[in-house]
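Read through the structure below, which is laid out as structure tokens, and then see the notes.
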Amino acid sequence: MAFDRGLHGAGDGILWHSQTAERDGHKDALGTLEARQKNDRRVVRQRRSKHRIEEEEMNSLSAIEIQDLEEEFRLRYLRSICDLNLNYARRRNTAEGATRLQQWLRSTFQKDAFAWAVVHAKCVRQPASQSELMAMTKISRQSISEMIKHCLAEGWVEVFCDERKIGEKDVKHCKGSLKYQAGDELMQLGQSFIDRHIETTKDTFMNSNWDDLMAIRKVRAAIL
């Protein structure tokens with residue numbers, strides 16, 4: 001009997017300690033949650049206070065001050081545009097290391113525009129007809145026709161008869177509408193432009209100056 005009571009007593013003690021530990025764990029978890037919620041409320045109050053101060057500062061700006069700021073941001077953005085285009089002009093005027101395709105593209109602005117048009121057609125998965133290429137570039141029919149023939153011979157563009165891709169030799173047998181899009185080499189050139197364009201816009205602060213200009217225009221629209 002004493003042995004049994006000892007077991008029961010020990011069990012009760014273990015149970016009591018277990019329940020106490022469990023209650024303490026709940027208290028700790030509750031305390032952590034309350035602290036986190038308190039900190040979240042503090043952060044929200046700080047953000048609201050900062051936003052209110054910014055609004056008050058913006059509201060205190062006069063119409064002349066806002067216009068002056070916008071003009072300054074416009075000049076900064078224009079400077080970025082100049083830097084960007086000068087960067088591309090330098091690249092266009094550098095023949096060293098250029099491929100045959102790059103040399104052809106850089107020879108005239110019309111050829112460059114034609115290349116962008118057929119790359120666009122490939123990107124949207126809608127090959128463009130000669131008339132559509134003319135509308136996209138405002139280049140004459142004769143010039144577009146000559147560029148198409150040259151690019152087909154070089155393998156720089158792909159040709160379709162209606163929705164079916166065909167070879168250059170089958171063009172004359174097509175009874176439907178001939179359409180065109182960029183070939184692999186031209187698309188690779190377009191893909192390489194992406195990273196180069198990202199780096200160039202970053203180096204010329206194009207994106208940050210754009211953000212500043214749009215921000216001040218929003219302020220002007222809201223206040224004036």
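Naming scheme: A, B, ... for chains in displayed order of the structure tokens; residues 1 onward per chain; ligands 1 onward as shown.
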Please, which residues of range 172-217 of chain A, numbered as in this document, come out strand (DSSP E or B) from DSSP, as a PyMOL selection string?
-> chain A and resi 178-182
Neighbours of range 120-136 of chain A within 7 Å (only C-alpha atoms; same-chain residues fewer than 3 positions away dropped), as a ChimeraX atom specification?
-> /A:116-117,139-141,144,178-182
Find the residues around range 108-113 of chain A up to 12 Å (only C-alpha atoms counted), leave out those fewer than 4 positions away in its own chain, and share them as a PyMOL selection string.
-> chain A and resi 89+92-93+101-104+117-120+133-140+143-148+150-151+186+189-190
Separation of CA of Asn207 in chain A from CA of Arg91 in chain A, in Å and rounded to one decimal =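 Straight-line distance from CA of Asn207 in chain A to CA of Arg91 in chain A works out to 21.1 Å.
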CA of Arg90 in chain A to CA of Glu72 in chain A: how many Å, to one decimal?
->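 Rounded to one decimal, the two atoms are 27.0 Å apart.
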Residue contacts of Thr204 in chain A (7 Å, only C-alpha atoms) excluding same-chain residues fewer than 2 positions away, as an MDAnalysis selection string | chainID A and resid 80 83:84 200:202 206
Atomic separation - CA of Ile66 in chain A relative to CA of Lys218 in chain A, Å |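 These two atoms are separated by 10.6 Å.
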Which is closest to Thr94 in chain A among A:Arg106, A:Glu65, A:Ala153, A:Asn209, if we use only C-alpha atoms?
-> A:Arg106
